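Novice: Next up is a structure, given as structure tokens.
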Amino acid sequence: MAGHSKWAQIKRQKAGNDAKRGQMFTKLGREIEIAARDGGGDPATNVRLRFAIQRARSFNMPADNIERATKRGIGETDDAVQYDEITYEGYAPGGAALYIEVVTDNRNRAVAEVRSVLTRAGGSLGESGCVAWNFDQRGVLIGALTPEQDADELALTAIDAGALDIMEDNGTLEVHTAPTDLESGKQALEAEGFAVTEAEVTFIPKSTVKLEARRTEQVMRLIEQIEEFDDVQRVHTNLDIAEAPVAAAA
């Protein structure tokens, strides 16, 4: 298992409490706002917006919040904020790579917050490009297989739709595509009755590092601390967490 769905499971558990849910809505709202700003407010013609809205719905973000974020993005409200998209790169204790996506209205604040938490944890902020080479941008589709569904048959469907990698573990199917093939892959799987619960363009490591259990949990806690900043949208890592207990990060 590549580990992406494991991260999705962990983060969905964390988003279950009210404080985390409110913070997640802030991040999702910014994602929707930028997608609408850059590609227009119609999800039928703006693929990035469509997937941002789908992701927001998967976290049970209220429809009113989604609508307001879309309107802010296209300038229909007077409370819009000018956000910049930035990536930071660095290392966690033990050498695991960190690729951090940030959406902020204050670059100085964002870099100071990220550097501070990394330094306190024994990690470091690196130069641009120091870890980006180890990550590919991919479309990721995740869903649970029903007892009636055959993973091999669905894999063939996904391959025909352009899938680059397919994994199945404990009833969860994870499909990786080129970013441009995410929509067609999702449609192909859904046409076969497969319920896609996660669909997003993200970054997948080309190679992973495996650390001992204590260090793995330390890095996972560090990632959680970084993601607590409202400016941080996502943190990607090449840490192998395939055997890490989900409860350890809860």
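Residue numbering restarts at 1 in every chain; chains get A, B, ... in the order shown in the structure tokens, and ligands count up from 1 in that same order.
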Identify, on the basis of only C-alpha atoms, every residue whose closest approach to Asp181 (chain A) does not exceed 9 Å; exclude the query and any residue fewer than 6 positions from it along the same chain; express the result as a PyMOL selection string.

Specialist: chain A and resi 139+161-163

Novice: Pull N, CA and C atoms from the residues just selected and write them as a short mmCIF file (atom, residue, chain, number, x, y, z; two decimals), in the first residue's frame.

Specialist:
```cif
data_model
loop_
_atom_site.label_atom_id
_atom_site.label_comp_id
_atom_site.auth_asym_id
_atom_site.auth_seq_id
_atom_site.Cartn_x
_atom_site.Cartn_y
_atom_site.Cartn_z
N GLY A 139 -3.10 12.20 -9.63
CA GLY A 139 -4.48 12.11 -9.21
C GLY A 139 -4.63 10.85 -8.37
N ALA A 161 -8.70 3.45 -18.30
CA ALA A 161 -8.96 4.89 -18.17
C ALA A 161 -7.67 5.68 -17.91
N GLY A 162 -6.52 4.98 -17.94
CA GLY A 162 -5.24 5.69 -17.82
C GLY A 162 -4.57 5.59 -16.47
N ALA A 163 -4.99 4.65 -15.63
CA ALA A 163 -4.37 4.52 -14.31
C ALA A 163 -2.89 4.18 -14.43
#
```

Novice: Considering only C-alpha atoms, return as a PyMOL selection string whatever protein or nucleic-acid residues lie within 6 Å of Pro205 (chain A), sequence-local ones (same chain, fewer than 6 positions apart) excluded.

Specialist: chain A and resi 134-135+238

Novice: Just to be explicit: take each residue in the selection above, keep C-alpha atoms, and write the result as a compact mmCIF listing (two decimals), in the first residue's frame.

Specialist:
```txt
# COMPACT_ATOMS: atom_id res chain seq x y z
CA ASN A 134 11.20 12.94 -5.00
CA PHE A 135 7.48 13.74 -5.47
CA ASN A 238 8.04 10.12 1.92
```

Novice: What is the CA of Ile66 (chain A) to CA of Ser184 (chain A) distance in Å?

Specialist: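 Going from CA of Ile66 (chain A) over to CA of Ser184 (chain A) covers 24.0 Å.
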
Novice: Could you give me, as a PDB file with C-alpha atoms, in the first residue's frame, each residue of region 31-249 of chain A that DSSP assigns to alpha helix (DSSP H) when run on this structure's backbone?

Specialist:
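See result22.pdb below for the written result:
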```
ATOM      1  CA  GLU A  31      -8.866  25.900  -1.659  1.00  0.00           C
ATOM      2  CA  ILE A  32     -12.291  26.566  -3.193  1.00  0.00           C
ATOM      3  CA  GLU A  33     -11.678  30.311  -3.263  1.00  0.00           C
ATOM      4  CA  ILE A  34      -8.373  29.991  -5.157  1.00  0.00           C
ATOM      5  CA  ALA A  35      -9.810  27.446  -7.578  1.00  0.00           C
ATOM      6  CA  ALA A  36     -12.706  29.799  -8.361  1.00  0.00           C
ATOM      7  CA  ARG A  37     -10.376  32.804  -8.627  1.00  0.00           C
ATOM      8  CA  ASP A  38      -8.124  31.069 -11.133  1.00  0.00           C
ATOM      9  CA  GLY A  39     -10.671  29.157 -13.200  1.00  0.00           C
ATOM     10  CA  VAL A  47     -12.102  20.902 -12.895  1.00  0.00           C
ATOM     11  CA  ARG A  48     -10.020  22.147  -9.980  1.00  0.00           C
ATOM     12  CA  LEU A  49     -13.057  23.805  -8.436  1.00  0.00           C
ATOM     13  CA  ARG A  50     -15.157  20.702  -8.998  1.00  0.00           C
ATOM     14  CA  PHE A  51     -12.714  18.508  -7.094  1.00  0.00           C
ATOM     15  CA  ALA A  52     -12.237  21.122  -4.368  1.00  0.00           C
ATOM     16  CA  ILE A  53     -15.997  21.162  -3.813  1.00  0.00           C
ATOM     17  CA  GLN A  54     -16.169  17.367  -3.843  1.00  0.00           C
ATOM     18  CA  ARG A  55     -13.397  17.226  -1.247  1.00  0.00           C
ATOM     19  CA  ALA A  56     -15.198  19.806   0.889  1.00  0.00           C
ATOM     20  CA  ARG A  57     -18.388  17.765   0.739  1.00  0.00           C
ATOM     21  CA  SER A  58     -16.496  14.631   1.753  1.00  0.00           C
ATOM     22  CA  ALA A  63     -23.259  24.077   1.303  1.00  0.00           C
ATOM     23  CA  ASP A  64     -23.491  27.716   2.445  1.00  0.00           C
ATOM     24  CA  ASN A  65     -19.761  27.732   3.258  1.00  0.00           C
ATOM     25  CA  ILE A  66     -18.945  26.288  -0.150  1.00  0.00           C
ATOM     26  CA  GLU A  67     -21.101  28.871  -1.900  1.00  0.00           C
ATOM     27  CA  ARG A  68     -19.556  31.770   0.032  1.00  0.00           C
ATOM     28  CA  ALA A  69     -16.023  30.590  -0.721  1.00  0.00           C
ATOM     29  CA  THR A  70     -16.857  30.303  -4.426  1.00  0.00           C
ATOM     30  CA  LYS A  71     -18.340  33.806  -4.482  1.00  0.00           C
ATOM     31  CA  ARG A  72     -15.291  35.229  -2.728  1.00  0.00           C
ATOM     32  CA  GLY A  73     -13.098  33.614  -5.342  1.00  0.00           C
ATOM     33  CA  ARG A 107       4.328  35.069   3.388  1.00  0.00           C
ATOM     34  CA  ASN A 108       6.524  36.226   6.267  1.00  0.00           C
ATOM     35  CA  ARG A 109       4.156  34.819   8.878  1.00  0.00           C
ATOM     36  CA  ALA A 110       3.796  31.513   7.036  1.00  0.00           C
ATOM     37  CA  VAL A 111       7.511  30.794   6.641  1.00  0.00           C
ATOM     38  CA  ALA A 112       8.213  31.859  10.232  1.00  0.00           C
ATOM     39  CA  GLU A 113       5.561  29.495  11.602  1.00  0.00           C
ATOM     40  CA  VAL A 114       6.721  26.535   9.533  1.00  0.00           C
ATOM     41  CA  ARG A 115      10.414  27.107  10.310  1.00  0.00           C
ATOM     42  CA  SER A 116       9.710  27.484  14.020  1.00  0.00           C
ATOM     43  CA  VAL A 117       7.832  24.207  14.442  1.00  0.00           C
ATOM     44  CA  LEU A 118      10.365  22.315  12.318  1.00  0.00           C
ATOM     45  CA  THR A 119      13.308  23.667  14.296  1.00  0.00           C
ATOM     46  CA  ARG A 120      11.712  22.881  17.677  1.00  0.00           C
ATOM     47  CA  ALA A 151     -10.672  -5.724  -7.428  1.00  0.00           C
ATOM     48  CA  ASP A 152      -9.046  -7.197 -10.554  1.00  0.00           C
ATOM     49  CA  GLU A 153     -11.961  -6.225 -12.770  1.00  0.00           C
ATOM     50  CA  LEU A 154     -11.978  -2.706 -11.396  1.00  0.00           C
ATOM     51  CA  ALA A 155      -8.217  -2.530 -11.887  1.00  0.00           C
ATOM     52  CA  LEU A 156      -8.659  -3.342 -15.574  1.00  0.00           C
ATOM     53  CA  THR A 157     -11.281  -0.608 -15.828  1.00  0.00           C
ATOM     54  CA  ALA A 158      -8.907   1.852 -14.186  1.00  0.00           C
ATOM     55  CA  ILE A 159      -6.032   0.859 -16.477  1.00  0.00           C
ATOM     56  CA  ASP A 160      -8.217   1.404 -19.534  1.00  0.00           C
ATOM     57  CA  LEU A 182      -8.328  12.016 -12.579  1.00  0.00           C
ATOM     58  CA  GLU A 183     -11.795  12.936 -13.845  1.00  0.00           C
ATOM     59  CA  SER A 184     -11.952  10.223 -16.510  1.00  0.00           C
ATOM     60  CA  GLY A 185     -10.683   7.624 -14.042  1.00  0.00           C
ATOM     61  CA  LYS A 186     -13.307   8.593 -11.497  1.00  0.00           C
ATOM     62  CA  GLN A 187     -16.081   8.434 -14.077  1.00  0.00           C
ATOM     63  CA  ALA A 188     -14.923   5.026 -15.340  1.00  0.00           C
ATOM     64  CA  LEU A 189     -14.869   3.506 -11.856  1.00  0.00           C
ATOM     65  CA  GLU A 190     -18.213   5.005 -10.889  1.00  0.00           C
ATOM     66  CA  ALA A 191     -19.734   3.650 -14.093  1.00  0.00           C
ATOM     67  CA  ALA A 213       8.161   3.061  15.354  1.00  0.00           C
ATOM     68  CA  ARG A 214       9.005   5.771  17.887  1.00  0.00           C
ATOM     69  CA  ARG A 215      10.540   8.016  15.239  1.00  0.00           C
ATOM     70  CA  THR A 216       7.630   7.370  12.862  1.00  0.00           C
ATOM     71  CA  GLU A 217       5.143   8.547  15.474  1.00  0.00           C
ATOM     72  CA  GLN A 218       7.335  11.587  16.184  1.00  0.00           C
ATOM     73  CA  VAL A 219       7.280  12.583  12.509  1.00  0.00           C
ATOM     74  CA  MET A 220       3.523  12.052  12.303  1.00  0.00           C
ATOM     75  CA  ARG A 221       3.024  14.338  15.306  1.00  0.00           C
ATOM     76  CA  LEU A 222       5.287  16.930  13.680  1.00  0.00           C
ATOM     77  CA  ILE A 223       3.198  16.844  10.505  1.00  0.00           C
ATOM     78  CA  GLU A 224       0.067  17.324  12.599  1.00  0.00           C
ATOM     79  CA  GLN A 225       1.641  20.374  14.284  1.00  0.00           C
ATOM     80  CA  ILE A 226       2.528  21.894  10.910  1.00  0.00           C
ATOM     81  CA  GLU A 227      -0.973  21.281   9.575  1.00  0.00           C
TER      82      GLU A 227
END
```

Novice: Neighbouring residues of Glu148 (chain A) were defined as those with any atom within 12 Å, considering only C-alpha atoms; residues of the same chain fewer than 4 positions away were excluded. Please report them as a CSV table (one decimal) with N, CA and C atoms, in the first residue's frame.

Specialist:
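Contents of result_14.csv, as written:
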```csv
chain,number,residue,atom,x,y,z
A,144,ALA,N,-13.9,2.2,-1.0
A,144,ALA,CA,-14.0,0.8,-0.4
A,144,ALA,C,-14.7,-0.1,-1.3
A,153,GLU,N,-11.1,-6.8,-11.7
A,153,GLU,CA,-12.0,-6.2,-12.8
A,153,GLU,C,-11.9,-4.7,-12.7
A,154,LEU,N,-12.0,-4.2,-11.5
A,154,LEU,CA,-12.0,-2.7,-11.4
A,154,LEU,C,-10.6,-2.2,-11.8
A,171,GLY,N,-9.7,-4.3,1.6
A,171,GLY,CA,-10.9,-3.8,1.1
A,171,GLY,C,-10.9,-2.4,0.6
A,192,GLU,N,-18.8,1.6,-13.1
A,192,GLU,CA,-18.8,0.2,-12.8
A,192,GLU,C,-19.4,0.0,-11.4
A,193,GLY,N,-20.0,1.0,-10.8
A,193,GLY,CA,-20.6,0.9,-9.5
A,193,GLY,C,-19.7,1.1,-8.3
A,194,PHE,N,-18.4,1.5,-8.5
A,194,PHE,CA,-17.5,1.7,-7.5
A,194,PHE,C,-17.6,3.1,-6.9
```

Novice: Taking into account only C-alpha atoms, which residue in the set A:Glu127, A:Glu228, A:Val201, A:Val235 is nearest to Arg21 (chain A)?

Specialist: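 Comparing A:Glu127, A:Glu228, A:Val201, A:Val235 against Arg21 (chain A), the winner is A:Glu228.
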
Novice: As an exercise, work out the distance from CA of Leu141 (chain A) to CA of His236 (chain A) in Å and give it to one decimal place.

Specialist: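 Answer for the CA of Leu141 (chain A) to CA of His236 (chain A) separation: 16.5 Å.
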
Novice: Could you please write out, as a PyMOL selection string, every residue of region 6-248 of chain A that DSSP assigns to strand (DSSP E)?

Specialist: chain A and resi 84-91+97-104+124-125+135-144+163-169+172-177+198-205+232-237

Novice: Here is a test: counting only C-alpha atoms, which residue of A:Gln137, A:Thr180, A:Gly143, A:Thr77 is nearest to Glu168 (chain A)?

Specialist: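 Result for the nearest residue to Glu168 (chain A): A:Gly143.
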
Novice: So how far away is CA of Glu76 (chain A) from CA of Gly41 (chain A), in Å?

Specialist: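 Going from CA of Gly41 (chain A) over to CA of Glu76 (chain A), I get 10.2 Å.
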
Novice: Measuring between only C-alpha atoms, which one of A:Gly29, A:Val103, A:Ile74, A:Asp230 shows the shortest distance to Asp42 (chain A)?

Specialist: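 Using only C-alpha atoms, the shortest distance to Asp42 (chain A) belongs to A:Ile74.
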
Novice: With distances taken over only C-alpha atoms, which of A:Gly95, A:Pro179, A:Pro62, A:Gly75 is nearest to Leu28 (chain A)?

Specialist: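 Among the listed residues, the smallest separation from Leu28 (chain A) belongs to A:Pro62.
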